[in-house]
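Q: Quick one: this structure, given as structure tokens, is what I'll be asking you about.
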Amino acid sequence: MKKILIVDDATTVRMYHRQLMESLGYHVEEAGNGVEALEKASQDTYDLFLVDINMPKMDGYTFIEEIRKTPAVKATPAIMISTEETESDRDKAYEAGANFYFIKPVRMEAIQTFTKLLTGGAE
Amino acid sequence: MNPMLESFISESRDNLEEASQCFLSLEQSPNDPTVMQNLFRAMHTIKGSSGLFELGAFTHLMHVAEDVLDLARAGKIQLNSDHIDVLLSAMDQITDWIDELEATGELNTDADNKAQPHILALSEMIPVEHKEECDELSLATKSHQTTHRLGYSEIESSLGCLSDQQRFDIFQNADQLTFLRYTPQESCFFTGDDPLHTARLTPSCQHLRIVPVAKWPTIDSLDPYQCQLSFDVISSADEETLIDHYRYVEDDIKLCPLDMCWLAFPQGQWSDDQSLFSDVLPELKTHIDKESWHNIPNLIAPILELANPSVYQISCMRWIKAIAEKEVLEKPLIEALFTAIETGEFDYSLKSEVNSDSTESHQTDADTTTTDTGPQEEYLSNDVKTLLATQARMLEFSNSDDLEGRVDSVERIFNHALPEEFIPNNLLDVCQQAKQEQSANPLIILIRSLLDSTSPLETNSLESTENDAEETLDIATLVRQEQALRAHESEAAADESALDQTSLISPAPSPIDLQQPISDRDSTSELARTDLSSTQPVAKEPVHNQKPQVLKVDQHRIDILMDLVGELVVAKNSLPYLAKKAEDEFNVRALAKEIKSQYAIINRLAESMQSTMMQIRMVPVSTIFQRFPRLVRDLSRKLNKDVRLVLEGEESEADKNVVENLADPLIHLVRNSLDHGFETEEERVALGKPAQGSLYLRAIPKDDQVIIEVDDDGRGMDPAKLKQSAYRKGIISEQKLETITDQEALYLIFAPGFSTAEQVSDLSGRGVGMDVVNGLVQQAGGRVTIDSELGKGTTIRLYLPLTMAVSRVMMVEVQQQCFGISMENIVETVKVPHDRLLRIKQGEAIVLRDKVIPVLSLHSLLALPETQFEEEVPLLIMNLNGEDIALKIDLFHEGIDIVQKPLAGLMSQYNYYSGSALLGDGRVLLILNIKELLSCQ
Amino acid sequence: MPITYKTNVVVMEGVCGIEDGDELLQWLIDHPKGKLNLKQTTHIHTALLQIILCHSPTVSVSPEDSSFKRLWSDSIEVLMETE
């Protein structure tokens with residue numbers, strides 16, 4: 001089963017994404033900020049990171065930047081999830097190294113399609 | 001309630017708390033970036049999470065507030081106290097909504113109205129030059145605005161499918177029309193959608209056309225669970241209504257306003273026999289030229305009644321009549337129709353080709369294209385294209401230290417997202433090259449060239465892909481279709497097509513090429529992982545500053561656990577009885593001994609469980625202290641008094657119930673202090689005091705109590721004034737007025753109906769006096785003391801038990817019945833010879849240490865028969881409201897710790913019992929509320 | 001049961017949901033000349049509609065429910081005839 005790490009400081013949002021991802025057949029783990037997420041990523045292999053931007057301790061940009069520089073996890077696809085819709089916000093995510101960008105709240109179909117593409121399916 | 005909403009409510013409460021603290025800190029230090037950052041994050045989280053629920057007004061208000069903060073953070077607005085007032089009051093609204101959500105699970109219908117004034121006030125804070133960016137933002141989230149538009153060319157063929165009569169009916173039925181195309185996701189059935197149902201229920205639906213997206217296969221190869229239908233709807237509802245109806249599938253719809261003119265084109269069989277209508281044509285022409293539309297219907301109507309409606313010219317005339325009746329449509333259209341009567345050619349600028357020959361020939365363009373060209377041959381689905389384009393963009397930002405990571409992640413995505421046969425077999429090489437050259441360009445070029453080429457079989461299917469640019473197929477269908485296609489194509493053809501590609505891509509199947517590198521990559525990443533654990537400080541370090549894990553548990557569950565522990569404590573007390581029984585009745589001493597030693601263990605465990613439970617329920621008083629900075633700020637601004645609030649000892653802990661019960665009395669005390677205690681700034685200066693008043697809120701743990709002090713340096717209380725006032729109000733007698741000490745006078749403020757305020761202000765004096773405060777504190781098992789010095793200030797202390805769960809009572813016996821009396825008010829126990837009791841009028845009294853203390857009999861208070869004491873009378877000396885009384889009882893028993901429970905059911909209305917407790921032997925002990933009992937007398 | 005299968009006619013009644021899809025599909029495969037009785041039909045799920053459109057069976061009794069009747073005549077029948 002493919003594993004997804006949800007990185008968000010809002011419990012409710014994590015819960016929402018967890019339900020969504022689990023319904024698609026993924027195994028889900030959670031982290032409340034970038035620091036915690038890096039810690040988890042160093043201990044386990046994930047197939048995808050779903051990352052919020054605004055978080056205490058370490059924000060989503062920094063987390064993805066770190067991931068891309070860390071040999072063991074640098075190839076893991078990452079989706080940035082944000083509330084902002086502007087082009088410059090998207091670019092900031094891509095600049096950090098995110099492979100995709102979603103606007104909160106994400107739509108079921110969209111996230112279903114793209115997580116499938118990014119992970120090659122849940123199985 | 002839905003657990004997600006529950007989590008949202010509790011999380012938002014925390015964030016609101018944090019936000020309001022930040023607002024207050026910002027007022028002190030407006031430019032503190034850390035505070036700003038925390039504030040922004042708290043607000044952002046609330047807003048973001050609220051988007052998961054349908055809370056339009058809520059999210060909108062949060063969004064506007066966030067916009068304001070965003071500008072403040074960027075230094076474009078300087079927040080002042082007025083701004084913070086507005087923001088705080090918006091947060092109050094949010095808090096109210098959270099309460100609403102908790103109570104009912106949804107927002108009241110008036111939410112929008114409630115949000116409006118806040119939104120207005122907030123937007124007034126935004127300087128004009130920044131307004132635009134913010135409005136845009138807030139509006140964008142409000143209505144998403146992502147609905148796709150349709151152009152005329154896209155709907156033309158669909159309109160052509162309608163019969164003349166259908167178009168005519170629609171035209172006459174409506175004044176405005178919207179055309180909507182709903183193309184459900186293929187997998188939509190699995191998410192519970194029934195698109196036909198949704199489409200049928202389209203508001204004000206005028207016409208529904210069902211369009212199969214492809215030719216049907218034979219029935220035995222049909223997969224009915226992939227949606228293969230699209231729906232064209234014409235509705236007379238406006239776009240907003242339609243978008244709302246389709247809100248769950250918003251991305252699957254496209255729409256456009258349908259110009260009524262687009263419906264008006266003639267259809268039918270050209271008739272060479274013009275005799276029927278040729279007479280009226282000159283007159284019709286005149287009316288059209290003169291634009292005297294109202295004359296036209298009467299002119300044409302008789303002909304329409306007689307003529308065969310399927311005649312082309314009649315169709316034209318019918319349209320002319322209909323348009324003339326509407327009186328709103330363009331003259332050129334009528335002119336075009338008129339020309340068509342004469343020439344058989346309808347030429348109206350909007351439509352290029354409407355065939356006049358037969359209705360049949362209009363048969364859908366969409367249908368024919370799909371049938372003729374066979375299965376869709378989209379090389380890469382739009383989703384994959386989007387994904388690849390994004391990767392190219394992402395790669396553009398590469399720099400030397402993350403290039404490898406970026407390239408590797410894109411390589412992985414290639415392997416995941418593309419069907420095996422489409423993965424360029426030079427992908428690995430290109431990635432390698434990129435890493436060597438320290439530039440993402442080779443990979444970007446590869447992606448671009450993939451995106452540019454429409455198909456690996458470009459020469460064959462270019463046309464069809466162009467015709468169906470908007471067609472979206474999911475990757476599964478793509479694979480299925482491609483596989484079917486490939487089964488038919490020869491190897492050679494595939495190779496040939498590969499040659500047609502730009503040199504960089506070769507999408508021919510290459511499963512063997514791929515096998516090796518994949519395992520290769522896995523092993524490298526394995527190696528790299530070991531690498532990480534040894535050399536990556538970034539990932540390692542955080543272990544130390546990790547936050548302690550916090551578990552949020554519903555208090556109710558803790559209460560249940562608490563009760564169970566309480567029962568366990570009682571149940572274990574039966575063991576000594578059992579041991580005694582074993583020894584006395586059954587004569588098994590050894591067993592008795594064993595029971596006793598087991599009892600010791602269980603006792604120890606039960607006790608530590610109980611104390612752990614107490615610990616769990618302990619919360620710091622800061623949870624309520626936090627409310628005060630805001631309260632003091634608001635009040636001092638309102639009263640125009642400059643008061644500094646100092647919180648001390650907030651970390652002191654007490655039982656959650658105690659702390660919660662403390663909130664109301666404290667709010668009242670603080671209000672009182674601000675309202676009556678502090679002088680105005682001018683008065684203070686005149687008195688030589690510092691202009692700014694100081695209000696201390698302290699929590700001091702002391703033994704098994706916590707003392708809360710409300711300490712101000714205001715004007716203090718004037719005992720003389722208090723006495724006079726109490727006398728005037730009939731609270732004390734004239735006699736008392738003379739004997740009462742200054743210290744005692746202070747306590748007069750606790751008397752019901754006492755209020756020192758000369759004028760009832762808006763803040764305190766709302767009919768809730770200090771007597772209520774006193775009552776509340778006593779209810780929580782505490783007491784209140786007052787110290788005040790005129791001109792210097794007042795200190796009010798609340799003595800509260802650390803925990804309400806366990807209280808100490810003295811057991812007393814009256815007429816063979818045991819009662820508990822709280823230790824709080826008991827001063828001492830004495831036994832006196834019965835002849836020392838003095839009769840004074842109807843009552844009795846005793847002189848104890850030169851003080852006359854009234855003696856009451858608990859028997860008579862409880863309406864039990866009096867006991868005749870032969871020698872000594874046991875007396876319980878108690879202090880109630882500063883006065884001593886002696887209570888006659890029969891027997892003292894030991895003082896015990898009990899878990900007091902409020903009385904339930906019928907008993908609950910007898911408030912001279914404060915509660916009950918279970919004793920070790922299983923008996924129930926009633927706890928007396930002596931104060932109530934006395935007032936019942 | 002919204003759908004009853006007779007010797008050569010399938011009778012659809014009320015609202016027919018997606019859960020009847022497999023059975024209807026199999027029945028139509030087994031009964032290529034099977035007919036459709038829509039007298040009491042008020043709604044059919046999109047999936048069932050697809051099966052019907054794909055196979056285009058003859059309708060033995062037309063719908064009576066006014067809304068479904070209109071849907072059938074305006075939007076569905078057209079597609080069956082062109083088949």
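How things are named: the first chain in the structure tokens is A, the next is B, and so on; residues count from 1 in each chain; ligands count from 1 in the order shown.
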Do me a favour and pick out the residues of chain A within 9 Å of chain B, using only C-alpha atoms, as a PDB file with C-alpha atoms, in the first residue's frame.

A:
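Writing the result to part-v8.pdb gives the following:
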ATOM      1  CA  ASP A   9      -0.817  22.302  11.377  1.00  0.00           C
ATOM      2  CA  ALA A  10      -4.612  22.333  11.269  1.00  0.00           C
ATOM      3  CA  THR A  11      -6.027  19.155  12.765  1.00  0.00           C
ATOM      4  CA  THR A  12      -9.259  19.562  10.895  1.00  0.00           C
ATOM      5  CA  VAL A  13      -7.562  19.855   7.539  1.00  0.00           C
ATOM      6  CA  MET A  15      -8.489  14.898   9.233  1.00  0.00           C
ATOM      7  CA  TYR A  16     -10.158  15.900   5.971  1.00  0.00           C
ATOM      8  CA  VAL A  35      10.154  19.793  11.502  1.00  0.00           C
ATOM      9  CA  GLU A  36       7.990  16.908  12.522  1.00  0.00           C
ATOM     10  CA  ALA A  37       7.533  15.954   8.886  1.00  0.00           C
ATOM     11  CA  LEU A  38      11.276  15.869   8.215  1.00  0.00           C
ATOM     12  CA  GLU A  39      11.674  13.692  11.247  1.00  0.00           C
ATOM     13  CA  LYS A  40       9.065  11.276   9.952  1.00  0.00           C
ATOM     14  CA  ALA A  41      10.463  11.333   6.451  1.00  0.00           C
ATOM     15  CA  SER A  42      13.854  10.332   7.769  1.00  0.00           C
ATOM     16  CA  GLN A  43      12.415   7.305   9.500  1.00  0.00           C
ATOM     17  CA  ASN A  54       1.697  28.154   6.765  1.00  0.00           C
ATOM     18  CA  MET A  55       2.934  26.131   9.722  1.00  0.00           C
ATOM     19  CA  PRO A  56       4.752  26.822  12.956  1.00  0.00           C
ATOM     20  CA  GLU A  65      13.327  22.606  -0.028  1.00  0.00           C
ATOM     21  CA  GLU A  66      14.870  20.369   2.608  1.00  0.00           C
ATOM     22  CA  ILE A  67      13.309  17.282   1.081  1.00  0.00           C
ATOM     23  CA  ARG A  68      14.757  18.030  -2.324  1.00  0.00           C
ATOM     24  CA  LYS A  69      18.230  18.299  -0.828  1.00  0.00           C
ATOM     25  CA  THR A  70      17.990  15.157   1.263  1.00  0.00           C
ATOM     26  CA  PRO A  71      19.244  12.132  -0.679  1.00  0.00           C
ATOM     27  CA  ALA A  72      16.831   9.532   0.686  1.00  0.00           C
ATOM     28  CA  VAL A  73      13.677  11.505   0.059  1.00  0.00           C
ATOM     29  CA  LYS A  74      14.636  13.933  -2.687  1.00  0.00           C
ATOM     30  CA  ALA A  75      12.715  12.059  -5.390  1.00  0.00           C
ATOM     31  CA  THR A  76       9.465  11.846  -3.450  1.00  0.00           C
ATOM     32  CA  PRO A  77       6.742  13.865  -5.140  1.00  0.00           C
ATOM     33  CA  ALA A  78       5.244  16.668  -3.089  1.00  0.00           C
ATOM     34  CA  SER A  82      -2.631  26.498  -0.282  1.00  0.00           C
ATOM     35  CA  THR A  83      -5.500  28.918  -0.044  1.00  0.00           C
ATOM     36  CA  GLU A  84      -3.951  31.365  -2.475  1.00  0.00           C
ATOM     37  CA  GLU A  85      -4.789  31.232  -6.128  1.00  0.00           C
ATOM     38  CA  ASP A  91       5.502  29.802  -8.464  1.00  0.00           C
ATOM     39  CA  ALA A  93       5.612  26.492  -4.395  1.00  0.00           C
ATOM     40  CA  TYR A  94       7.361  25.331  -7.558  1.00  0.00           C
ATOM     41  CA  GLU A  95      10.407  27.313  -6.623  1.00  0.00           C
ATOM     42  CA  ALA A  96      10.564  25.378  -3.383  1.00  0.00           C
ATOM     43  CA  GLY A  97      10.381  22.175  -5.394  1.00  0.00           C
ATOM     44  CA  ALA A  98       6.723  21.143  -5.196  1.00  0.00           C
ATOM     45  CA  ASN A  99       5.496  18.938  -8.012  1.00  0.00           C
ATOM     46  CA  PHE A 100       1.939  20.145  -7.883  1.00  0.00           C
ATOM     47  CA  TYR A 101      -0.246  22.788  -6.362  1.00  0.00           C
ATOM     48  CA  LYS A 104      -7.841  24.520  -0.456  1.00  0.00           C
ATOM     49  CA  PRO A 105     -10.293  22.978  -0.048  1.00  0.00           C
ATOM     50  CA  VAL A 106      -9.222  20.493  -2.641  1.00  0.00           C
ATOM     51  CA  GLU A 109     -11.919  14.372  -8.214  1.00  0.00           C
ATOM     52  CA  THR A 113      -6.644  12.103 -10.304  1.00  0.00           C
ATOM     53  CA  PHE A 114      -3.372  13.748  -9.455  1.00  0.00           C
ATOM     54  CA  LYS A 116      -2.987   8.674  -8.666  1.00  0.00           C
ATOM     55  CA  LEU A 117      -0.723  10.106 -11.335  1.00  0.00           C
ATOM     56  CA  LEU A 118       1.956  11.142  -8.871  1.00  0.00           C
ATOM     57  CA  THR A 119       2.057   7.870  -6.983  1.00  0.00           C
ATOM     58  CA  GLY A 120       1.076   5.472  -9.728  1.00  0.00           C
ATOM     59  CA  GLY A 121      -2.067   4.466  -7.816  1.00  0.00           C
TER      60      GLY A 121
END

Q: Going by DSSP on the backbone, which bits of region 789-838 of chain B are helix (DSSP H, G or I)? Write them as a list in words, please.

A: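 So the helix (DSSP H, G or I) residues in region 789-838 of chain B would be Met823, Glu824, Asn825, His834, Asp835 and Arg836 of chain B.
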
Q: Would you list the contacts of region 42-44 of chain C as a PyMOL selection string, taking every protein, DNA or RNA residue within 7 Å and counting only C-alpha atoms, but skipping same-chain residues closer than 4 positions in sequence?

A: chain C and resi 14-17+48-49+65+68

Q: Determine, for each residue of chain B having at least one atom at most 7 Å from an atom of chain C, the closest pair of atoms and their separation in Å to one decimal, counting only C-alpha atoms; order by chain and ascending number, as CSV.

A:
residue,atom,partner,partner_atom,distance
B:Asp194,CA,C:Thr46,CA,5.8
B:Pro195,CA,C:Thr46,CA,6.2
B:Leu196,CA,C:Thr46,CA,5.2
B:Leu208,CA,C:Ser75,CA,6.1
B:Arg209,CA,C:Ser75,CA,5.2
B:Ile210,CA,C:Ser75,CA,6.0
B:Trp216,CA,C:Cys54,CA,5.4
B:Ile219,CA,C:His55,CA,5.8
B:Asp220,CA,C:Ile29,CA,6.4
B:Pro224,CA,C:Ala47,CA,5.3
B:Tyr225,CA,C:Ala47,CA,5.9
B:Cys227,CA,C:Ala47,CA,7.0

Q: At a cut-off of 8 Å, using only C-alpha atoms, what residues contact Gly34 (chain A)? Leave out same-chain residues fewer than 6 positions from it and give the result as number ranges by chain.

A: A: 7, 55-60, 62-63

Q: Could you tell me how far CA of Tyr799 (chain B) lies from CA of Arg783 (chain B), in Å and to one decimal?

A: 5.2 Å

Q: Name the residues in contact with region 163-176 of chain B at a cut-off of 12 Å, using only C-alpha atoms, excluding same-chain residues fewer than 4 positions from it; report them as an NGL selection string.

A: (:B and (158-159 or 204-209 or 233-239 or 256-269 or 309-312 or 314-329 or 356 or 358-364)) or (:C and (74-75 or 78))

Q: Could you pull out all residues of region 39-68 of chain C with a DSSP call of strand (DSSP E) and give them as a ChimeraX atom specification?

A: /C:39-44,58-61

Q: When you count only C-alpha atoms, which of these residues is closest to Ser60 (chain C): C:Asn8, C:Met80, C:Trp72, C:Glu13?

A: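 Of all the options, C:Asn8 lies closest to Ser60 (chain C).
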
Q: Near region 620-631 of chain B, counting only C-alpha atoms, which residues have an atom at most 7 Å away, once you skip same-chain residues fewer than 4 positions from it, shown as a VMD selection string?

A: chain B and resid 24 635 645 650 to 654 659 663

Q: With all heavy atoms retained, could you export that selection as a tab-separated table (two decimals), in the first residue's frame?

A:
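Output contents, as saved in out31.tsv:
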chain	number	residue	atom	x	y	z
B	24	LEU	N	-3.84	41.77	21.27
B	24	LEU	CA	-3.52	42.61	22.42
B	24	LEU	C	-2.03	42.92	22.46
B	24	LEU	O	-1.64	44.06	22.74
B	24	LEU	CB	-3.99	41.94	23.71
B	24	LEU	CG	-5.50	41.72	23.76
B	24	LEU	CD1	-5.90	41.07	25.06
B	24	LEU	CD2	-6.24	43.03	23.58
B	635	LEU	N	-12.67	47.72	28.68
B	635	LEU	CA	-13.31	48.54	29.71
B	635	LEU	C	-12.55	49.84	29.93
B	635	LEU	O	-13.16	50.90	30.04
B	635	LEU	CB	-13.38	47.78	31.04
B	635	LEU	CG	-14.38	46.62	31.10
B	635	LEU	CD1	-14.42	46.07	32.51
B	635	LEU	CD2	-15.76	47.10	30.68
B	645	LEU	N	-2.93	45.96	33.41
B	645	LEU	CA	-3.26	44.69	34.04
B	645	LEU	C	-1.99	43.85	34.17
B	645	LEU	O	-1.24	43.69	33.21
B	645	LEU	CB	-4.30	43.93	33.22
B	645	LEU	CG	-4.64	42.54	33.75
B	645	LEU	CD1	-5.48	42.61	35.00
B	645	LEU	CD2	-5.36	41.72	32.69
B	650	GLU	N	-0.06	32.68	36.81
B	650	GLU	CA	-1.08	32.04	35.96
B	650	GLU	C	-0.87	30.55	35.83
B	650	GLU	O	-1.75	29.82	35.46
B	650	GLU	CB	-1.01	32.59	34.53
B	650	GLU	CG	-1.01	34.06	34.42
B	650	GLU	CD	-0.28	34.49	33.18
B	650	GLU	OE1	-0.83	34.38	32.08
B	650	GLU	OE2	0.89	34.92	33.34
B	651	GLU	N	0.37	30.11	36.11
B	651	GLU	CA	0.64	28.70	35.89
B	651	GLU	C	0.10	27.83	37.04
B	651	GLU	O	0.07	26.62	36.92
B	651	GLU	CB	2.14	28.47	35.69
B	651	GLU	CG	3.05	28.76	36.89
B	651	GLU	CD	3.17	30.26	37.21
B	651	GLU	OE1	2.88	31.08	36.32
B	651	GLU	OE2	3.53	30.61	38.33
B	652	SER	N	-0.35	28.46	38.13
B	652	SER	CA	-0.92	27.68	39.23
B	652	SER	C	-2.10	26.87	38.72
B	652	SER	O	-2.91	27.35	37.94
B	652	SER	CB	-1.42	28.60	40.34
B	652	SER	OG	-0.49	29.60	40.59
B	653	GLU	N	-2.19	25.66	39.23
B	653	GLU	CA	-3.24	24.79	38.71
B	653	GLU	C	-4.34	24.55	39.73
B	653	GLU	O	-4.12	24.63	40.94
B	653	GLU	CB	-2.64	23.44	38.32
B	653	GLU	CG	-1.76	23.53	37.10
B	653	GLU	CD	-1.33	22.15	36.63
B	653	GLU	OE1	-1.15	21.28	37.50
B	653	GLU	OE2	-1.18	21.97	35.41
B	654	ALA	N	-5.51	24.28	39.21
B	654	ALA	CA	-6.61	23.87	40.07
B	654	ALA	C	-7.53	22.99	39.24
B	654	ALA	O	-7.40	22.93	38.02
B	654	ALA	CB	-7.36	25.08	40.61
B	659	VAL	N	-11.66	26.09	38.32
B	659	VAL	CA	-11.19	27.18	37.48
B	659	VAL	C	-12.33	27.75	36.65
B	659	VAL	O	-12.50	28.97	36.53
B	659	VAL	CB	-10.05	26.69	36.56
B	659	VAL	CG1	-9.71	27.75	35.54
B	659	VAL	CG2	-8.83	26.35	37.39
B	663	ALA	N	-14.46	31.87	36.72
B	663	ALA	CA	-14.51	32.87	35.66
B	663	ALA	C	-15.52	33.98	35.94
B	663	ALA	O	-15.16	35.16	35.93
B	663	ALA	CB	-14.80	32.19	34.33
